[in-house]
Amino acid sequence: MENEFEKTAIRVSMVSVIWNIILSVFKLIAGLVAHSGAMISDAVHSASDVFSSIVVMVGVRISGKESDKNHPYGHERMECVAAIVLATVLAVTGLGIGCSAIASLNRGDYAAKMPGILALVAAVVSILVKEAMFWYTRHYAKQIDSSAVMADAWHHRSDALSSVGALIGIGGARLGFPIMEPVASVVICVFIEKAAFDIFVDAINKMVDRACDEQTQKAIKKCALGIDGVERVDLLKTRIFGNKVYVEMEIGADENLSLKESHAIAQKVHDSIEKGWPKVKHILIHVNPVKM
């Protein structure tokens with residue numbers, strides 16, 4: 001049965017696919033009817049977001065698979081791989097927008113046929129829908145702590161920014177200032193590249209066994225020391241594995257306790273940490289003898 005993380009990610013991605021298909025068709029029709037090259041390009045951008053959402057679904061599906069003989073720690077890192085793929089696609093998309101705008105400025109061929117009012121309407125609708133999709137996807141990405149879903153959210157934001165560039169360009173062309181579109185596109189490119197870089201760094205950090213933040217480690221140690229029978233915490237190691245956390249801990253207990261009693265203390269520590277930190281997937285606790 002699908003876990004809550006996977007169900008939420010798949011549901012959000014399906015909503016993204018549906019809206020991106022609707023927007024792509026709408027913007028393509030608007031671009032053709034209103035003779036707007038900017039809107040046609042924006043329609044292609046929205047269509048590329050369908051691919052991004054599919055990558056998220058595939059990555060989440062694989063990361064949600066149970067542990068097996070060849071992957072005893074699970075497949076959570078595949079979700080990070082999906083985030084890296086999306087960050088790359090986002091970066092390429094941004095560079096494409098920027099390079100196209102710079103080339104247009106260099107050639108001085110931005111003074112095209114005046115676009116129709118339908119192109120303006122399509123740009124406004126796209127901005128509103130994609131911005132709403134950004135906040136919707138971002139909300140659930142934070143809720144389930146998913147790098148891939150967060151990357152998809154920023155893909156929505158990049159599409160909204162692209163539509164802003166199209167709106168400025170179309171509006172500028174209708175007002176007699178067609179150069180506004182490529183200039184706005186260059187600025188938008190910078191924002192998209194920054195988002196892609198942040199997503200990439202976050203995904204990499206989750207793949208290289210980075211420890212939890214110091215505040216979380218202190219809280220885990222305090223939790224262990226609060227268990228009756230734990231005299232000290234000799235060692236605490238944490239590592240982030242995808243969107244899960246692994247904990248290794250050595251605690252000190254009275255050397256005169258029986259094996260059964262020591263095990264019971266370790267089990268209480270284990271259960272307390274799991275209850276306090278739902279993202280903890282695995283805990284290994286070793287008990288050291290303490291002279292009393």
# chains A, B, ... in the order shown; residues from 1 in each chain; ligands from 1
call {"tool": "select_by_dssp", "arguments": {"residues": "segment 133-273 of chain A", "states": "helix (DSSP H, G or I)", "output": "ChimeraX atom specification"}}
result
/A:133-144,147-175,180-205,214-225,259-273
call {"tool": "write_last_selection", "arguments": {"atoms": "C-alpha atoms", "output": "compact mmCIF listing (two decimals), in the first residue's frame"}}
result
# COMPACT_ATOMS: atom_id res chain seq x y z
CA MET A 133 0.30 26.05 -8.59
CA PHE A 134 3.65 27.15 -7.18
CA TRP A 135 2.19 27.85 -3.73
CA TYR A 136 0.04 24.70 -3.82
CA THR A 137 2.98 22.46 -4.76
CA ARG A 138 5.38 24.24 -2.41
CA HIS A 139 2.97 23.72 0.52
CA TYR A 140 2.89 19.95 0.04
CA ALA A 141 6.61 19.76 -0.77
CA LYS A 142 7.35 21.27 2.65
CA GLN A 143 4.73 19.08 4.32
CA ILE A 144 6.33 15.83 3.08
CA SER A 147 13.17 17.76 -2.87
CA ALA A 148 11.63 16.54 -6.12
CA VAL A 149 8.20 18.05 -5.41
CA MET A 150 9.87 21.31 -4.32
CA ALA A 151 11.81 21.33 -7.60
CA ASP A 152 8.51 20.91 -9.45
CA ALA A 153 7.09 23.84 -7.47
CA TRP A 154 9.93 26.05 -8.65
CA HIS A 155 9.29 24.85 -12.18
CA HIS A 156 5.80 26.32 -11.80
CA ARG A 157 7.36 29.58 -10.58
CA SER A 158 9.74 29.62 -13.55
CA ASP A 159 6.76 29.23 -15.88
CA ALA A 160 4.97 32.08 -14.11
CA LEU A 161 8.07 34.25 -14.52
CA SER A 162 8.28 33.26 -18.16
CA SER A 163 4.68 34.39 -18.57
CA VAL A 164 5.57 37.68 -16.85
CA GLY A 165 8.25 38.16 -19.51
CA ALA A 166 5.72 37.33 -22.20
CA LEU A 167 3.22 39.78 -20.67
CA ILE A 168 5.80 42.56 -20.54
CA GLY A 169 6.91 41.82 -24.09
CA ILE A 170 3.39 41.64 -25.50
CA GLY A 171 2.34 44.74 -23.57
CA GLY A 172 5.49 46.55 -24.62
CA ALA A 173 4.97 45.61 -28.26
CA ARG A 174 1.41 46.94 -28.16
CA LEU A 175 2.70 50.18 -26.57
CA MET A 180 10.95 45.16 -23.11
CA GLU A 181 10.35 41.44 -23.67
CA PRO A 182 13.97 40.29 -24.17
CA VAL A 183 15.21 42.55 -21.35
CA ALA A 184 12.64 41.10 -18.95
CA SER A 185 13.55 37.58 -20.09
CA VAL A 186 17.22 38.11 -19.18
CA VAL A 187 16.25 39.17 -15.66
CA ILE A 188 13.89 36.18 -15.35
CA CYS A 189 16.72 33.87 -16.44
CA VAL A 190 18.77 34.93 -13.40
CA PHE A 191 15.92 34.10 -10.99
CA ILE A 192 15.39 30.69 -12.59
CA GLU A 193 19.10 29.81 -12.39
CA LYS A 194 19.17 30.76 -8.69
CA ALA A 195 16.19 28.46 -7.99
CA ALA A 196 17.82 25.60 -9.93
CA PHE A 197 21.07 26.01 -7.98
CA ASP A 198 19.28 25.95 -4.60
CA ILE A 199 17.33 22.80 -5.53
CA PHE A 200 20.52 21.10 -6.76
CA VAL A 201 22.47 21.90 -3.57
CA ASP A 202 19.61 20.70 -1.34
CA ALA A 203 19.39 17.37 -3.22
CA ILE A 204 23.16 16.85 -3.09
CA ASN A 205 23.22 17.53 0.67
CA GLU A 214 22.99 20.76 15.70
CA GLN A 215 19.68 21.74 17.30
CA THR A 216 18.07 18.44 16.26
CA GLN A 217 21.04 16.42 17.54
CA LYS A 218 20.91 18.20 20.90
CA ALA A 219 17.17 17.51 21.15
CA ILE A 220 17.69 13.80 20.38
CA LYS A 221 20.43 13.57 22.99
CA LYS A 222 18.23 15.33 25.55
CA CYS A 223 15.41 12.90 24.75
CA ALA A 224 17.69 9.92 25.42
CA LEU A 225 18.99 11.35 28.69
CA LEU A 259 21.03 -7.92 29.70
CA LYS A 260 17.24 -7.90 29.69
CA GLU A 261 17.09 -4.68 31.74
CA SER A 262 19.70 -2.95 29.56
CA HIS A 263 17.82 -3.97 26.44
CA ALA A 264 14.58 -2.58 27.90
CA ILE A 265 16.27 0.81 28.47
CA ALA A 266 17.64 0.86 24.92
CA GLN A 267 14.18 -0.01 23.58
CA LYS A 268 12.62 2.88 25.51
CA VAL A 269 15.19 5.26 24.01
CA HIS A 270 14.51 3.83 20.55
CA ASP A 271 10.73 4.21 20.86
CA SER A 272 10.95 7.70 22.35
CA ILE A 273 13.13 9.00 19.50
call {"tool": "select_by_dssp", "arguments": {"residues": "segment 25-237 of chain A", "states": "strand (DSSP E or B)", "output": "ChimeraX atom specification"}}
result
/A:232-237
call {"tool": "closest_residue", "arguments": {"among": "A:Leu128, A:Ile22, A:Leu86, A:Leu235", "to": "Met249 of chain A", "atoms": "only C-alpha atoms"}}
result
A:Leu235
call {"tool": "residues_around", "arguments": {"residues": "Met14 of chain A", "least_positions_apart": "5", "cutoff": "10 Å", "atoms": "only C-alpha atoms", "output": "PyMOL selection string"}}
result
chain A and resi 8-9+19-20+50+53-54+56-57
call {"tool": "closest_residue", "arguments": {"among": "A:Leu95, A:Ile62, A:Ala47, A:Val280", "to": "Ser16 of chain A", "atoms": "only C-alpha atoms"}}
result
A:Ala47
call {"tool": "residues_around", "arguments": {"residues": "Gly252 of chain A", "least_positions_apart": "3", "cutoff": "10 Å", "atoms": "only C-alpha atoms", "output": "MDAnalysis selection string"}}
result
chainID A and resid 225 229:235 255 262 266 286:291
call {"tool": "residues_around", "arguments": {"residues": "Leu32 of chain A", "least_positions_apart": "6", "cutoff": "10 Å", "atoms": "only C-alpha atoms", "output": "list in words"}}
result
Met39, Ile40, Pro115, Gly116, Leu118 and Ala119 of chain A
call {"tool": "write_last_selection", "arguments": {"atoms": "N, CA and C atoms", "output": "short mmCIF file (atom, residue, chain, number, x, y, z; two decimals), in the first residue's frame"}}
result
data_model
loop_
_atom_site.label_atom_id
_atom_site.label_comp_id
_atom_site.auth_asym_id
_atom_site.auth_seq_id
_atom_site.Cartn_x
_atom_site.Cartn_y
_atom_site.Cartn_z
N MET A 39 4.04 34.09 -26.79
CA MET A 39 3.05 33.21 -26.17
C MET A 39 3.20 31.78 -26.66
N ILE A 40 3.58 31.59 -27.91
CA ILE A 40 3.81 30.24 -28.42
C ILE A 40 5.00 29.62 -27.69
N PRO A 115 1.08 41.89 -31.42
CA PRO A 115 0.23 40.77 -31.01
C PRO A 115 -1.17 41.23 -30.62
N GLY A 116 -2.13 40.32 -30.69
CA GLY A 116 -3.50 40.63 -30.34
C GLY A 116 -3.74 40.62 -28.85
N LEU A 118 -5.73 38.81 -27.14
CA LEU A 118 -5.89 37.47 -26.58
C LEU A 118 -4.58 36.96 -25.97
N ALA A 119 -3.46 37.37 -26.56
CA ALA A 119 -2.15 36.97 -26.03
C ALA A 119 -1.93 37.57 -24.64
#
call {"tool": "closest_residue", "arguments": {"among": "A:Leu120, A:Asp42, A:Cys212, A:Met207", "to": "Glu76 of chain A", "atoms": "only C-alpha atoms"}}
result
A:Met207
call {"tool": "closest_residue", "arguments": {"among": "A:Thr93, A:Ala87, A:Asp145, A:Phe26", "to": "Val60 of chain A", "atoms": "only C-alpha atoms"}}
result
A:Asp145
call {"tool": "atom_distance", "arguments": {"atom1": "atom CA of Pro72 of chain A", "atom2": "atom CA of Val55 of chain A"}}
result
24.0 Å
call {"tool": "decode", "arguments": {"residues": "segment 170-204 of chain A", "atoms": "N, CA, C and O atoms", "output": "PDB file, in the first residue's frame"}}
result
ATOM      1  N   ILE A 170       4.611  41.410 -24.706  1.00  0.00           N
ATOM      2  CA  ILE A 170       3.391  41.637 -25.496  1.00  0.00           C
ATOM      3  C   ILE A 170       2.844  43.037 -25.227  1.00  0.00           C
ATOM      4  O   ILE A 170       2.474  43.775 -26.163  1.00  0.00           O
ATOM      5  N   GLY A 171       2.815  43.395 -23.928  1.00  0.00           N
ATOM      6  CA  GLY A 171       2.338  44.738 -23.572  1.00  0.00           C
ATOM      7  C   GLY A 171       3.224  45.816 -24.156  1.00  0.00           C
ATOM      8  O   GLY A 171       2.738  46.834 -24.670  1.00  0.00           O
ATOM      9  N   GLY A 172       4.545  45.578 -24.084  1.00  0.00           N
ATOM     10  CA  GLY A 172       5.490  46.549 -24.623  1.00  0.00           C
ATOM     11  C   GLY A 172       5.346  46.704 -26.124  1.00  0.00           C
ATOM     12  O   GLY A 172       5.410  47.820 -26.656  1.00  0.00           O
ATOM     13  N   ALA A 173       5.141  45.569 -26.806  1.00  0.00           N
ATOM     14  CA  ALA A 173       4.966  45.611 -28.263  1.00  0.00           C
ATOM     15  C   ALA A 173       3.715  46.406 -28.631  1.00  0.00           C
ATOM     16  O   ALA A 173       3.716  47.181 -29.586  1.00  0.00           O
ATOM     17  N   ARG A 174       2.651  46.229 -27.875  1.00  0.00           N
ATOM     18  CA  ARG A 174       1.409  46.940 -28.156  1.00  0.00           C
ATOM     19  C   ARG A 174       1.523  48.436 -27.837  1.00  0.00           C
ATOM     20  O   ARG A 174       0.795  49.263 -28.389  1.00  0.00           O
ATOM     21  N   LEU A 175       2.484  48.772 -26.918  1.00  0.00           N
ATOM     22  CA  LEU A 175       2.697  50.179 -26.575  1.00  0.00           C
ATOM     23  C   LEU A 175       3.811  50.811 -27.406  1.00  0.00           C
ATOM     24  O   LEU A 175       4.106  51.994 -27.256  1.00  0.00           O
ATOM     25  N   GLY A 176       4.447  50.006 -28.234  1.00  0.00           N
ATOM     26  CA  GLY A 176       5.506  50.547 -29.082  1.00  0.00           C
ATOM     27  C   GLY A 176       6.904  50.345 -28.533  1.00  0.00           C
ATOM     28  O   GLY A 176       7.859  50.962 -29.010  1.00  0.00           O
ATOM     29  N   PHE A 177       7.062  49.442 -27.502  1.00  0.00           N
ATOM     30  CA  PHE A 177       8.383  49.177 -26.907  1.00  0.00           C
ATOM     31  C   PHE A 177       8.658  47.669 -26.888  1.00  0.00           C
ATOM     32  O   PHE A 177       8.725  47.046 -25.820  1.00  0.00           O
ATOM     33  N   PRO A 178       8.861  47.066 -28.016  1.00  0.00           N
ATOM     34  CA  PRO A 178       9.058  45.616 -28.090  1.00  0.00           C
ATOM     35  C   PRO A 178      10.332  45.112 -27.417  1.00  0.00           C
ATOM     36  O   PRO A 178      10.435  43.932 -27.081  1.00  0.00           O
ATOM     37  N   ILE A 179      11.297  46.011 -27.175  1.00  0.00           N
ATOM     38  CA  ILE A 179      12.554  45.597 -26.540  1.00  0.00           C
ATOM     39  C   ILE A 179      12.351  45.159 -25.090  1.00  0.00           C
ATOM     40  O   ILE A 179      13.197  44.492 -24.488  1.00  0.00           O
ATOM     41  N   MET A 180      11.208  45.497 -24.504  1.00  0.00           N
ATOM     42  CA  MET A 180      10.952  45.165 -23.106  1.00  0.00           C
ATOM     43  C   MET A 180      10.923  43.657 -22.861  1.00  0.00           C
ATOM     44  O   MET A 180      11.308  43.179 -21.799  1.00  0.00           O
ATOM     45  N   GLU A 181      10.457  42.890 -23.855  1.00  0.00           N
ATOM     46  CA  GLU A 181      10.349  41.438 -23.669  1.00  0.00           C
ATOM     47  C   GLU A 181      11.705  40.758 -23.473  1.00  0.00           C
ATOM     48  O   GLU A 181      11.908  40.046 -22.486  1.00  0.00           O
ATOM     49  N   PRO A 182      12.676  40.957 -24.381  1.00  0.00           N
ATOM     50  CA  PRO A 182      13.970  40.294 -24.170  1.00  0.00           C
ATOM     51  C   PRO A 182      14.701  40.768 -22.922  1.00  0.00           C
ATOM     52  O   PRO A 182      15.382  39.974 -22.267  1.00  0.00           O
ATOM     53  N   VAL A 183      14.566  42.041 -22.565  1.00  0.00           N
ATOM     54  CA  VAL A 183      15.209  42.555 -21.353  1.00  0.00           C
ATOM     55  C   VAL A 183      14.623  41.865 -20.124  1.00  0.00           C
ATOM     56  O   VAL A 183      15.349  41.437 -19.210  1.00  0.00           O
ATOM     57  N   ALA A 184      13.300  41.773 -20.079  1.00  0.00           N
ATOM     58  CA  ALA A 184      12.636  41.103 -18.953  1.00  0.00           C
ATOM     59  C   ALA A 184      13.034  39.631 -18.898  1.00  0.00           C
ATOM     60  O   ALA A 184      13.233  39.064 -17.812  1.00  0.00           O
ATOM     61  N   SER A 185      13.190  38.990 -20.043  1.00  0.00           N
ATOM     62  CA  SER A 185      13.548  37.575 -20.095  1.00  0.00           C
ATOM     63  C   SER A 185      14.935  37.321 -19.517  1.00  0.00           C
ATOM     64  O   SER A 185      15.176  36.299 -18.881  1.00  0.00           O
ATOM     65  N   VAL A 186      15.866  38.247 -19.739  1.00  0.00           N
ATOM     66  CA  VAL A 186      17.216  38.108 -19.184  1.00  0.00           C
ATOM     67  C   VAL A 186      17.173  38.148 -17.657  1.00  0.00           C
ATOM     68  O   VAL A 186      17.835  37.351 -16.979  1.00  0.00           O
ATOM     69  N   VAL A 187      16.389  39.059 -17.116  1.00  0.00           N
ATOM     70  CA  VAL A 187      16.247  39.165 -15.657  1.00  0.00           C
ATOM     71  C   VAL A 187      15.603  37.886 -15.100  1.00  0.00           C
ATOM     72  O   VAL A 187      16.033  37.343 -14.080  1.00  0.00           O
ATOM     73  N   ILE A 188      14.582  37.398 -15.777  1.00  0.00           N
ATOM     74  CA  ILE A 188      13.890  36.178 -15.355  1.00  0.00           C
ATOM     75  C   ILE A 188      14.848  34.989 -15.361  1.00  0.00           C
ATOM     76  O   ILE A 188      14.806  34.133 -14.466  1.00  0.00           O
ATOM     77  N   CYS A 189      15.738  34.941 -16.351  1.00  0.00           N
ATOM     78  CA  CYS A 189      16.725  33.870 -16.442  1.00  0.00           C
ATOM     79  C   CYS A 189      17.560  33.770 -15.170  1.00  0.00           C
ATOM     80  O   CYS A 189      17.823  32.673 -14.665  1.00  0.00           O
ATOM     81  N   VAL A 190      17.947  34.903 -14.621  1.00  0.00           N
ATOM     82  CA  VAL A 190      18.771  34.934 -13.402  1.00  0.00           C
ATOM     83  C   VAL A 190      18.011  34.301 -12.232  1.00  0.00           C
ATOM     84  O   VAL A 190      18.563  33.490 -11.476  1.00  0.00           O
ATOM     85  N   PHE A 191      16.746  34.651 -12.077  1.00  0.00           N
ATOM     86  CA  PHE A 191      15.925  34.098 -10.989  1.00  0.00           C
ATOM     87  C   PHE A 191      15.770  32.585 -11.135  1.00  0.00           C
ATOM     88  O   PHE A 191      15.830  31.838 -10.146  1.00  0.00           O
ATOM     89  N   ILE A 192      15.567  32.122 -12.351  1.00  0.00           N
ATOM     90  CA  ILE A 192      15.387  30.690 -12.589  1.00  0.00           C
ATOM     91  C   ILE A 192      16.670  29.918 -12.267  1.00  0.00           C
ATOM     92  O   ILE A 192      16.639  28.853 -11.638  1.00  0.00           O
ATOM     93  N   GLU A 193      17.823  30.464 -12.662  1.00  0.00           N
ATOM     94  CA  GLU A 193      19.098  29.805 -12.386  1.00  0.00           C
ATOM     95  C   GLU A 193      19.373  29.727 -10.886  1.00  0.00           C
ATOM     96  O   GLU A 193      19.897  28.728 -10.385  1.00  0.00           O
ATOM     97  N   LYS A 194      18.997  30.769 -10.156  1.00  0.00           N
ATOM     98  CA  LYS A 194      19.169  30.756  -8.690  1.00  0.00           C
ATOM     99  C   LYS A 194      18.317  29.659  -8.064  1.00  0.00           C
ATOM    100  O   LYS A 194      18.789  28.911  -7.188  1.00  0.00           O
ATOM    101  N   ALA A 195      17.080  29.512  -8.508  1.00  0.00           N
ATOM    102  CA  ALA A 195      16.191  28.464  -7.985  1.00  0.00           C
ATOM    103  C   ALA A 195      16.750  27.080  -8.301  1.00  0.00           C
ATOM    104  O   ALA A 195      16.753  26.182  -7.449  1.00  0.00           O
ATOM    105  N   ALA A 196      17.251  26.888  -9.527  1.00  0.00           N
ATOM    106  CA  ALA A 196      17.819  25.602  -9.934  1.00  0.00           C
ATOM    107  C   ALA A 196      19.036  25.246  -9.081  1.00  0.00           C
ATOM    108  O   ALA A 196      19.205  24.098  -8.649  1.00  0.00           O
ATOM    109  N   PHE A 197      19.869  26.238  -8.808  1.00  0.00           N
ATOM    110  CA  PHE A 197      21.066  26.015  -7.984  1.00  0.00           C
ATOM    111  C   PHE A 197      20.685  25.601  -6.568  1.00  0.00           C
ATOM    112  O   PHE A 197      21.258  24.654  -6.005  1.00  0.00           O
ATOM    113  N   ASP A 198      19.716  26.271  -5.970  1.00  0.00           N
ATOM    114  CA  ASP A 198      19.281  25.954  -4.602  1.00  0.00           C
ATOM    115  C   ASP A 198      18.713  24.535  -4.518  1.00  0.00           C
ATOM    116  O   ASP A 198      18.971  23.808  -3.558  1.00  0.00           O
ATOM    117  N   ILE A 199      17.917  24.138  -5.505  1.00  0.00           N
ATOM    118  CA  ILE A 199      17.334  22.796  -5.532  1.00  0.00           C
ATOM    119  C   ILE A 199      18.438  21.742  -5.663  1.00  0.00           C
ATOM    120  O   ILE A 199      18.429  20.718  -4.986  1.00  0.00           O
ATOM    121  N   PHE A 200      19.408  22.027  -6.532  1.00  0.00           N
ATOM    122  CA  PHE A 200      20.522  21.098  -6.762  1.00  0.00           C
ATOM    123  C   PHE A 200      21.337  20.899  -5.483  1.00  0.00           C
ATOM    124  O   PHE A 200      21.645  19.764  -5.092  1.00  0.00           O
ATOM    125  N   VAL A 201      21.672  21.976  -4.803  1.00  0.00           N
ATOM    126  CA  VAL A 201      22.471  21.899  -3.573  1.00  0.00           C
ATOM    127  C   VAL A 201      21.720  21.127  -2.490  1.00  0.00           C
ATOM    128  O   VAL A 201      22.296  20.285  -1.782  1.00  0.00           O
ATOM    129  N   ASP A 202      20.415  21.392  -2.339  1.00  0.00           N
ATOM    130  CA  ASP A 202      19.614  20.695  -1.340  1.00  0.00           C
ATOM    131  C   ASP A 202      19.591  19.193  -1.608  1.00  0.00           C
ATOM    132  O   ASP A 202      19.725  18.381  -0.678  1.00  0.00           O
ATOM    133  N   ALA A 203      19.432  18.797  -2.864  1.00  0.00           N
ATOM    134  CA  ALA A 203      19.391  17.375  -3.217  1.00  0.00           C
ATOM    135  C   ALA A 203      20.738  16.705  -2.960  1.00  0.00           C
ATOM    136  O   ALA A 203      20.802  15.587  -2.442  1.00  0.00           O
ATOM    137  N   ILE A 204      21.824  17.396  -3.310  1.00  0.00           N
ATOM    138  CA  ILE A 204      23.165  16.846  -3.086  1.00  0.00           C
ATOM    139  C   ILE A 204      23.419  16.652  -1.595  1.00  0.00           C
ATOM    140  O   ILE A 204      23.966  15.622  -1.171  1.00  0.00           O
TER     141      ILE A 204
END
